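Novice: One structure coming up, written as structure tokens, with questions to follow.
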Amino acid sequence: MNWSARPFVRILLFFILGILISMYIPHIGNTIALLVIASSILILATLLNTRKLKHKHLHTTGLLFGILITITAMLITSQKLPSKQKFKKEVNSQVYLANIVSNPTETKQSIKAILFASPISPDSLQKNKKIKILCYFSKDSLSSNLRYGDVITFRSKLTLPKKTLNPEEFDYAEYLKQSGITYTSYINTYSWNLIDYNPENPIIAVAGKLRFKMLTMLKQNGLSGSNYAVAAAVLLGYDDFMDNDLKQDYIMAGAMHILCVSGLHVGIIFLVINFMLSFMRNNKFNNILKAVILLLSVWAYATLTGLSPSVQRASLMLSIFIIGKLFNRNRDTYNTLAISALILLIMNPLLITNVGFQLSYAAVFGILTFHQPIYKLLYIKNTVIDKIWSITVLSFAAQLATFPIATHYFHFFPPWFWLTNLFTFPLSFLIIATGMLFILTSWVPFIPKLVGLALSGMIYLLNFVVGFVKFLPFSGIDYIYTSMPMLIVIYFATSLTFVMLTKKKLRLLLPILMTLVLIISLSIYHKYEVLNQKKIVIYSINKHSAYDFIDGDQHILLTDSTLSNNTLHFSLKNSRTKWGINSILHTMPTNDTILNSKLYFADNFLIFNDIRVFISDGKTNYYPTSSKLPLDLIIISGKNKTNVEQLMSIFSFNKVIIDSSVPYRNQKAIMKILKKEGIYCYNVNKEGAFILEL
């Protein structure tokens, strides 16, 4: 990479370093100290940058300015980090005045929206700032008509989002915290009133109305079911109509990016509009006018689709490209990419932790870096075959850059992505172009019906192609474990290999082999950890019982009969991947059962690796014997009330676990008795999953 021609790439790297230091090395220093250091470095850099010393100390000056950028990033990030202010876990029901600041979306059982709210009382209005709340309205005809900008009053109890309770589970509470959302609340039908309409941003309000109108028109003009759901997602960024099975088809096919309005969609809009304006002559006035039309078109579409982070990134990148072209600047694509990333990170440094941010920039970087060198490996005269080869290389380049990140977060890889994209790329182009035509002609009689039917046919074909992939062998490789060290080493090995092949530097072969040995060593070490693990895990899954008995890469999972596979998958997939175990599901046995050589179950008694466990569900009475039966662990489960005194008279134990199926009132009573008796009690409902390492 030519560093001198890409100053913003260097600035971005120093800025990212500052963000990471601020995020992962807390208490790095107070703001005043950092400002003093920054000022000193700036003065020193200025002194060094004199004519006499310029060339001699050029690298030193650059490094000092880099340190200044790093410190600036640290200062900006420290201001953006979530507040350490402690909030009450629960705020009693009271009346609030609130503005709806997001476009409400429909879920299966409710209407979801983000509100800025403040309590209505003489004192609180003076003392409390507005708080950001994620609200769920009871679904009815009134809440379905809520829109961005509505002002409401409501009475409800506020609760802090629950922290993650299972190992390696997605931390939704932290995600909301980084988004500035303090509380969540459920508002029933009779607890709110619409009092005014006062949108903070009129442009977003108009776009929201137009978006809703377009959704209605799609439904009225030949689209329904899964075709309508995909059209809403692809064209308008509204993915709430997608069911889990349809989403899973797109994940298996490696085509999920089509459903998320992002660079692909904005790029197609740009190409179509740019083609439509190709008749304009090349002069200064027309060039300015063309640039203005392109910018307005790109941002109008971005606003129409809800201004999601992925759309903002793509629109910003294209805007920089359009402006650079207008002023005849050298449009280095890496510089353009770096500028857009830098602007977004200055606005919100915490975006660096956003998976979508990481994947989108990795994909674009991969395409810019790998596409042309790989494409040029084959010279194909036939135009059609050449286009097929180009699309295949394009998808391969994007996957090459993103698969370490994807497998790190999602533990899944779609092997047939290259085949799927041969069809989905051209189909996506046609669908989005036809969607533009639908939007532009929506006011003309009869035409929307014809365009809608054509759109429905294209989406049906897209869904067919995507759905077909799951019937192919090896349609998806799941439970892939990629640790952070392995991710870094994989990227390093990929970079070295690419440089060696393109620059023909054979001396890099030895470092490449060393990185491959390191990757294999990390994999072997992980396998060693897996084979030597022995643990009992009592998970925290709301209103359910789930216990794992793990020995090496073998395990038995016992659950109640009502726990669904989808809930299990969401809560446990990440930990199962890290622990190297697959999903083996058994409901609680009713008879004496030897589940494997290490686990025996009989009448709610369990023996696992010589650990004696009793599951008390409150259904069966046990009577005292001449001597107490020694136990290592008692698990209390179920809705029935457990007689703790009876357990103490029959068994000898010093450790009790309350699982997630126990009602709150029973939890309090059990914990009170055990605390009085001095017996250790662990409540997974509050403290998260219990893990007993053996």
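Each chain in the structure tokens gets a letter, A, B and so on, in the order shown; residues start at 1 in every chain, and ligands are counted from 1 in the order they appear.
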Apply DSSP to the backbone of this structure and, from region 394-559 of chain A, keep only the residues in strand (DSSP E or B); write these as a VMD selection string.
Specialist: chain A and resid 412 to 413 477 to 478 534 to 538 541 544 546 to 551 554 to 559
Novice: Find the spatial neighbours of Ile69 (chain A), counting only C-alpha atoms, within a cut-off of 8 Å - ignore same-chain residues fewer than 6 positions away - and output them as a ChimeraX atom specification.
Specialist: /A:11,14-15,18
Novice: So that I have them on file, write out the residues from the current selection with N, CA and C atoms, as a CSV table (one decimal), in the first residue's frame.
Specialist:
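Result file follows (result-v4.csv):
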```
chain,number,residue,atom,x,y,z
A,11,ILE,N,-4.1,8.4,9.2
A,11,ILE,CA,-4.9,9.1,10.3
A,11,ILE,C,-5.9,8.2,10.9
A,14,PHE,N,-4.3,5.7,13.4
A,14,PHE,CA,-3.9,6.3,14.7
A,14,PHE,C,-5.2,6.6,15.5
A,15,PHE,N,-6.3,7.0,14.8
A,15,PHE,CA,-7.5,7.3,15.5
A,15,PHE,C,-8.1,6.1,16.1
A,18,GLY,N,-6.4,5.1,19.3
A,18,GLY,CA,-6.9,6.0,20.4
A,18,GLY,C,-8.2,5.5,21.0
```
Novice: Fewer than 2 positions away in the same chain doesn't count, so skip those; otherwise give me all residues within 9 Å of region 268-271 of chain A, counting only C-alpha atoms, as a PyMOL selection string.
Specialist: chain A and resi 263-266+273-276+294-295+297-298+301+318+428-429+432-433+436
Novice: What is the CA of Met280 (chain A) to CA of Leu316 (chain A) distance in Å?
Specialist: 24.2 Å
Novice: Using only C-alpha atoms, can you tell me which of A:Pro415, A:Gly225, A:Pro373, A:Gly552 comes closest to Lys503 (chain A)?
Specialist: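 Of the candidates, the smallest distance to Lys503 (chain A) is held by A:Pro373.
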Novice: Within region 499-565 of chain A, find each residue whose DSSP state, derived from the backbone, is helix (DSSP H, G or I), and express the selection as number ranges by chain.
Specialist: A: 499-503, 506-531, 565
Novice: With distances taken over only C-alpha atoms, which residue among A:Leu455, A:Ala398, A:Val499, A:Ala546 lies nearest Asn227 (chain A)?
Specialist: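 So, comparing all the options, the nearest one is A:Leu455.
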Novice: Hey, what's within 9 Å of Asn193 (chain A) if we count only C-alpha atoms and toss same-chain stuff fewer than 5 positions away? As a list in words, please?
Specialist: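 So the residues in contact are Val151, Ile152, Thr153 and Phe154 of chain A.
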